[in-house]
Amino acid sequence: MKTIKNRILLVGALLTIVLVSGFAKSTSTTTTKEKTVATETKENKTINMFVTHGHCSTPFGGIVDDLKVAIPVRMDAGNPLENMRISFEVDPNSFKACRGDVADLTKRVKTKGVFISDNNEKIRFKTTNVYVMGVDWYQINGVMSIKGVEREVKFFATGIRNSYESMSSELVLQGQVNLLDWGIDYDKLVNGQSLDVPTKWLYLNMKIELS
């Protein structure tokens, strides 16, 4: 009787060892590292901008350099761009007005001291964090540098995708920043006189192709 009991205990111990080793093996083989899809434009893009204080505006565009979008791959059905990271640069010397007296308006937005400094620094943006506002709708917080001065900014972005696709094929980035945050008095620099209601808002809009 004692021998039978010992055999049963031995078989139970062997089964336990087999089960534990099998679980450990399956766990090690299913652990995967987070994957990231990086999108980097090979050709320069244009970002649309305009400066306004309400009743009038100066629309212009600029050339975007070094645009990078990093998108961690998601394994669930959540918003696909929730953890994205975006960075880009814009050369103020590339600004060109979009309508009206193009030559005159281009000269105005390229007035030294507005966006162009003595050191010709580029306008730079880099994401710090992203919040989901709704389905394919995101708030993108980041740091923007104008003339070498960094300020925190907030943009919004919309991912565009077909109903049967899990990943967005395009991203529309838009927002506005207060030029006074950088000490830029547009009216004084461009027209030589500050206004009671200064021209202060710079609006931005850019469509990014995701591949």
# chains A, B, ... in the order shown; residues from 1 in each chain; ligands from 1

$ residues_around --residues "Ile63 of chain A" --least-positions-apart "2" --cutoff "6 Å" --atoms "only C-alpha atoms" --output "JSON, numbers by chain"
{"A": [45, 46, 90, 94]}

$ write_last_selection --atoms "C-alpha atoms" --output "PDB file, in the first residue's frame"
ATOM      1  CA  LYS A  45       6.025  69.186 -47.821  1.00  0.00           C
ATOM      2  CA  THR A  46       4.212  72.499 -47.449  1.00  0.00           C
ATOM      3  CA  VAL A  90      10.048  74.785 -41.184  1.00  0.00           C
ATOM      4  CA  SER A  94      10.871  79.521 -47.574  1.00  0.00           C
TER       5      SER A  94
END

$ residues_around --residues "segment 203-205 of chain A" --least-positions-apart "4" --cutoff "6 Å" --atoms "only C-alpha atoms" --output "ChimeraX atom specification"
/A:48-50,173-176

$ write_last_selection --atoms "N, CA and C atoms" --output "PDB file, in the first residue's frame"
ATOM      1  N   ASN A  48       0.596  75.033 -44.349  1.00  0.00           N
ATOM      2  CA  ASN A  48      -0.184  76.240 -44.580  1.00  0.00           C
ATOM      3  C   ASN A  48      -0.289  77.045 -43.288  1.00  0.00           C
ATOM      4  N   MET A  49      -0.112  78.354 -43.384  1.00  0.00           N
ATOM      5  CA  MET A  49      -0.179  79.232 -42.225  1.00  0.00           C
ATOM      6  C   MET A  49      -0.909  80.519 -42.590  1.00  0.00           C
ATOM      7  N   PHE A  50      -1.427  81.200 -41.573  1.00  0.00           N
ATOM      8  CA  PHE A  50      -1.837  82.580 -41.771  1.00  0.00           C
ATOM      9  C   PHE A  50      -1.837  83.309 -40.438  1.00  0.00           C
ATOM     10  N   LEU A 173      -3.017  67.819 -39.293  1.00  0.00           N
ATOM     11  CA  LEU A 173      -2.570  68.530 -38.094  1.00  0.00           C
ATOM     12  C   LEU A 173      -2.949  70.001 -38.205  1.00  0.00           C
ATOM     13  N   GLN A 174      -3.548  70.564 -37.160  1.00  0.00           N
ATOM     14  CA  GLN A 174      -3.934  71.963 -37.192  1.00  0.00           C
ATOM     15  C   GLN A 174      -3.941  72.549 -35.785  1.00  0.00           C
ATOM     16  N   GLY A 175      -3.834  73.875 -35.725  1.00  0.00           N
ATOM     17  CA  GLY A 175      -3.858  74.550 -34.431  1.00  0.00           C
ATOM     18  C   GLY A 175      -3.503  76.011 -34.576  1.00  0.00           C
ATOM     19  N   GLN A 176      -3.369  76.680 -33.450  1.00  0.00           N
ATOM     20  CA  GLN A 176      -3.023  78.092 -33.439  1.00  0.00           C
ATOM     21  C   GLN A 176      -2.109  78.377 -32.264  1.00  0.00           C
TER      22      GLN A 176
END

$ atom_distance --atom1 "atom CA of Leu105 of chain A" --atom2 "atom CA of Ile146 of chain A"
19.9 Å

$ residues_around --residues "Ile123 of chain A" --least-positions-apart "3" --cutoff "12 Å" --atoms "only C-alpha atoms" --output "PyMOL selection string"
chain A and resi 47+62-66+87-95+114-117+120+126+143-151+182

$ residues_around --residues "Tyr186 of chain A" --least-positions-apart "2" --cutoff "7 Å" --atoms "only C-alpha atoms" --output "MDAnalysis selection string"
chainID A and resid 114 184 188:190 199:200

$ write_last_selection --atoms "C-alpha atoms" --output "compact mmCIF listing (two decimals), in the first residue's frame"
# COMPACT_ATOMS: atom_id res chain seq x y z
CA VAL A 114 9.05 88.28 -37.09
CA ILE A 184 6.55 88.88 -31.55
CA LYS A 188 5.14 96.81 -34.88
CA LEU A 189 7.70 94.74 -36.74
CA VAL A 190 5.89 94.77 -40.08
CA THR A 199 -2.10 90.83 -34.60
CA LYS A 200 -1.11 87.82 -32.57

$ closest_residue --among "A:Val102, A:Leu81, A:Val153, A:Met75" --to "Met133 of chain A" --atoms "only C-alpha atoms"
A:Leu81

$ atom_distance --atom1 "atom CA of Thr58 of chain A" --atom2 "atom CA of Asp185 of chain A"
14.7 Å

$ atom_distance --atom1 "atom CA of Val135 of chain A" --atom2 "atom CA of Asn79 of chain A"
6.5 Å

$ closest_atom_pairs --of "segment 84-146 of chain A" --to "segment 157-170 of chain A" --cutoff "8 Å" --atoms "only C-alpha atoms" --output "CSV"
residue,atom,partner,partner_atom,distance
A:Asp136,CA,A:Gly159,CA,4.9
A:Trp137,CA,A:Thr158,CA,4.7
A:Tyr138,CA,A:Ala157,CA,5.2
A:Gln139,CA,A:Ala157,CA,6.4
A:Ile140,CA,A:Ala157,CA,7.0

$ write_last_selection --atoms "N, CA and C atoms" --output "compact mmCIF listing (two decimals), in the first residue's frame"
# COMPACT_ATOMS: atom_id res chain seq x y z
N ASP A 136 -10.27 58.65 -33.74
CA ASP A 136 -9.35 59.25 -34.71
C ASP A 136 -9.18 60.76 -34.51
N TRP A 137 -9.34 61.21 -33.29
CA TRP A 137 -9.20 62.65 -32.99
C TRP A 137 -8.27 62.78 -31.79
N TYR A 138 -7.21 63.59 -31.96
CA TYR A 138 -6.16 63.64 -30.96
C TYR A 138 -5.76 65.08 -30.61
N GLN A 139 -5.39 65.27 -29.36
CA GLN A 139 -4.74 66.52 -28.93
C GLN A 139 -3.26 66.24 -28.82
N ILE A 140 -2.47 67.01 -29.54
CA ILE A 140 -1.02 66.79 -29.56
C ILE A 140 -0.33 67.95 -28.85

$ closest_residue --among "A:Asp187, A:Lys96, A:Leu210, A:Tyr131" --to "Ala70 of chain A" --atoms "only C-alpha atoms"
A:Leu210

$ select_by_dssp --residues "segment 13-202 of chain A" --states "helix (DSSP H, G or I)" --output "VMD selection string"
chain A and resid 13 to 30 92 to 94 102 to 109 179 to 182 186 to 191

$ write_last_selection --atoms "N, CA, C and O atoms" --output "compact mmCIF listing (two decimals), in the first residue's frame"
# COMPACT_ATOMS: atom_id res chain seq x y z
N ALA A 13 4.20 14.47 -9.03
CA ALA A 13 5.31 15.43 -9.08
C ALA A 13 5.83 15.61 -10.49
O ALA A 13 6.14 16.73 -10.94
N LEU A 14 5.94 14.49 -11.24
CA LEU A 14 6.42 14.57 -12.62
C LEU A 14 5.46 15.37 -13.49
O LEU A 14 5.87 16.17 -14.34
N LEU A 15 4.15 15.18 -13.31
CA LEU A 15 3.16 15.93 -14.08
C LEU A 15 3.25 17.42 -13.78
O LEU A 15 3.13 18.27 -14.67
N THR A 16 3.47 17.77 -12.51
CA THR A 16 3.61 19.18 -12.13
C THR A 16 4.80 19.82 -12.80
O THR A 16 4.74 20.96 -13.31
N ILE A 17 5.94 19.10 -12.84
CA ILE A 17 7.15 19.63 -13.48
C ILE A 17 6.91 19.86 -14.97
O ILE A 17 7.31 20.87 -15.54
N VAL A 18 6.24 18.92 -15.63
CA VAL A 18 5.97 19.04 -17.07
C VAL A 18 5.08 20.24 -17.35
O VAL A 18 5.33 21.03 -18.28
N LEU A 19 4.03 20.42 -16.54
CA LEU A 19 3.11 21.54 -16.75
C LEU A 19 3.80 22.88 -16.54
O LEU A 19 3.62 23.82 -17.30
N VAL A 20 4.61 22.99 -15.49
CA VAL A 20 5.30 24.25 -15.19
C VAL A 20 6.29 24.60 -16.28
O VAL A 20 6.38 25.74 -16.74
N SER A 21 7.06 23.59 -16.75
CA SER A 21 8.05 23.86 -17.81
C SER A 21 7.36 24.24 -19.11
O SER A 21 7.84 25.09 -19.85
N GLY A 22 6.20 23.61 -19.40
CA GLY A 22 5.46 23.96 -20.62
C GLY A 22 4.94 25.37 -20.58
O GLY A 22 4.96 26.10 -21.56
N PHE A 23 4.44 25.79 -19.41
CA PHE A 23 3.94 27.17 -19.26
C PHE A 23 5.05 28.19 -19.43
O PHE A 23 4.90 29.21 -20.08
N ALA A 24 6.21 27.87 -18.82
CA ALA A 24 7.36 28.79 -18.93
C ALA A 24 7.81 28.92 -20.36
O ALA A 24 8.14 30.01 -20.85
N LYS A 25 7.81 27.80 -21.10
CA LYS A 25 8.24 27.82 -22.51
C LYS A 25 7.29 28.65 -23.35
O LYS A 25 7.70 29.46 -24.18
N SER A 26 5.96 28.45 -23.14
CA SER A 26 4.99 29.19 -23.93
C SER A 26 5.04 30.67 -23.62
O SER A 26 4.85 31.51 -24.48
N THR A 27 5.30 31.02 -22.36
CA THR A 27 5.38 32.44 -21.98
C THR A 27 6.56 33.11 -22.64
O THR A 27 6.48 34.23 -23.14
N SER A 28 7.71 32.43 -22.67
CA SER A 28 8.91 33.02 -23.26
C SER A 28 8.78 33.19 -24.75
O SER A 28 9.34 34.12 -25.33
N THR A 29 8.04 32.33 -25.42
CA THR A 29 7.94 32.41 -26.87
C THR A 29 6.88 33.41 -27.32
O THR A 29 6.91 33.86 -28.46
N THR A 30 5.94 33.80 -26.45
CA THR A 30 4.90 34.72 -26.85
C THR A 30 5.19 36.16 -26.45
O THR A 30 4.46 37.06 -26.79
N PRO A 92 11.73 79.56 -42.22
CA PRO A 92 10.99 80.80 -42.48
C PRO A 92 11.42 81.49 -43.77
O PRO A 92 10.65 82.26 -44.35
N ASN A 93 12.64 81.22 -44.22
CA ASN A 93 13.10 81.82 -45.48
C ASN A 93 12.36 81.24 -46.68
O ASN A 93 12.45 81.79 -47.79
N SER A 94 11.63 80.14 -46.48
CA SER A 94 10.87 79.52 -47.57
C SER A 94 9.44 80.03 -47.64
O SER A 94 8.69 79.63 -48.53
N VAL A 102 1.19 88.93 -53.84
CA VAL A 102 2.08 87.88 -53.35
C VAL A 102 3.46 88.42 -52.98
O VAL A 102 4.00 88.11 -51.91
N ALA A 103 4.02 89.26 -53.83
CA ALA A 103 5.37 89.77 -53.57
C ALA A 103 5.40 90.62 -52.30
O ALA A 103 6.30 90.48 -51.46
N ASP A 104 4.39 91.49 -52.13
CA ASP A 104 4.36 92.38 -50.97
C ASP A 104 4.10 91.59 -49.68
O ASP A 104 4.78 91.80 -48.67
N LEU A 105 3.11 90.66 -49.72
CA LEU A 105 2.79 89.89 -48.52
C LEU A 105 3.93 88.95 -48.14
O LEU A 105 4.19 88.73 -46.95
N THR A 106 4.61 88.40 -49.14
CA THR A 106 5.76 87.54 -48.85
C THR A 106 6.85 88.34 -48.16
O THR A 106 7.46 87.88 -47.19
N LYS A 107 7.07 89.54 -48.63
CA LYS A 107 8.08 90.40 -48.02
C LYS A 107 7.71 90.73 -46.58
O LYS A 107 8.57 90.79 -45.70
N ARG A 108 6.42 90.93 -46.32
CA ARG A 108 5.98 91.27 -44.96
C ARG A 108 6.21 90.12 -43.97
O ARG A 108 6.73 90.32 -42.88
N VAL A 109 5.79 88.89 -44.34
CA VAL A 109 5.95 87.77 -43.41
C VAL A 109 7.42 87.39 -43.25
O VAL A 109 7.77 86.73 -42.25
N LEU A 179 1.54 84.59 -31.06
CA LEU A 179 2.87 85.11 -31.35
C LEU A 179 3.44 85.93 -30.20
O LEU A 179 4.67 86.03 -30.05
N LEU A 180 2.57 86.52 -29.38
CA LEU A 180 3.05 87.31 -28.25
C LEU A 180 3.77 86.45 -27.22
O LEU A 180 4.55 86.96 -26.42
N ASP A 181 3.51 85.12 -27.24
CA ASP A 181 4.23 84.22 -26.34
C ASP A 181 5.71 84.19 -26.66
O ASP A 181 6.54 83.85 -25.82
N TRP A 182 6.06 84.53 -27.89
CA TRP A 182 7.46 84.62 -28.31
C TRP A 182 7.94 86.08 -28.35
O TRP A 182 9.03 86.35 -28.85
N TYR A 186 3.66 91.53 -34.30
CA TYR A 186 3.64 91.51 -35.75
C TYR A 186 3.43 92.90 -36.35
O TYR A 186 4.12 93.30 -37.29
N ASP A 187 2.48 93.64 -35.80
CA ASP A 187 2.16 94.96 -36.35
C ASP A 187 3.35 95.92 -36.23
O ASP A 187 3.65 96.67 -37.15
N LYS A 188 4.01 95.90 -35.08
CA LYS A 188 5.14 96.81 -34.88
C LYS A 188 6.30 96.46 -35.78
O LYS A 188 6.94 97.34 -36.37
N LEU A 189 6.58 95.17 -35.92
CA LEU A 189 7.70 94.74 -36.74
C LEU A 189 7.45 94.94 -38.23
O LEU A 189 8.36 95.32 -38.98
N VAL A 190 6.20 94.69 -38.66
CA VAL A 190 5.89 94.77 -40.08
C VAL A 190 5.48 96.18 -40.50
O VAL A 190 5.89 96.67 -41.56
N ASN A 191 4.64 96.83 -39.67
CA ASN A 191 4.09 98.14 -40.04
C ASN A 191 4.67 99.30 -39.25
O ASN A 191 4.33 100.46 -39.51

$ closest_residue --among "A:Met84, A:Phe125, A:Lys110, A:Asn44" --to "Val69 of chain A" --atoms "only C-alpha atoms"
A:Met84

$ closest_residue --among "A:Ala97, A:Ile86, A:Leu195, A:Leu202" --to "Lys68 of chain A" --atoms "only C-alpha atoms"
A:Ile86
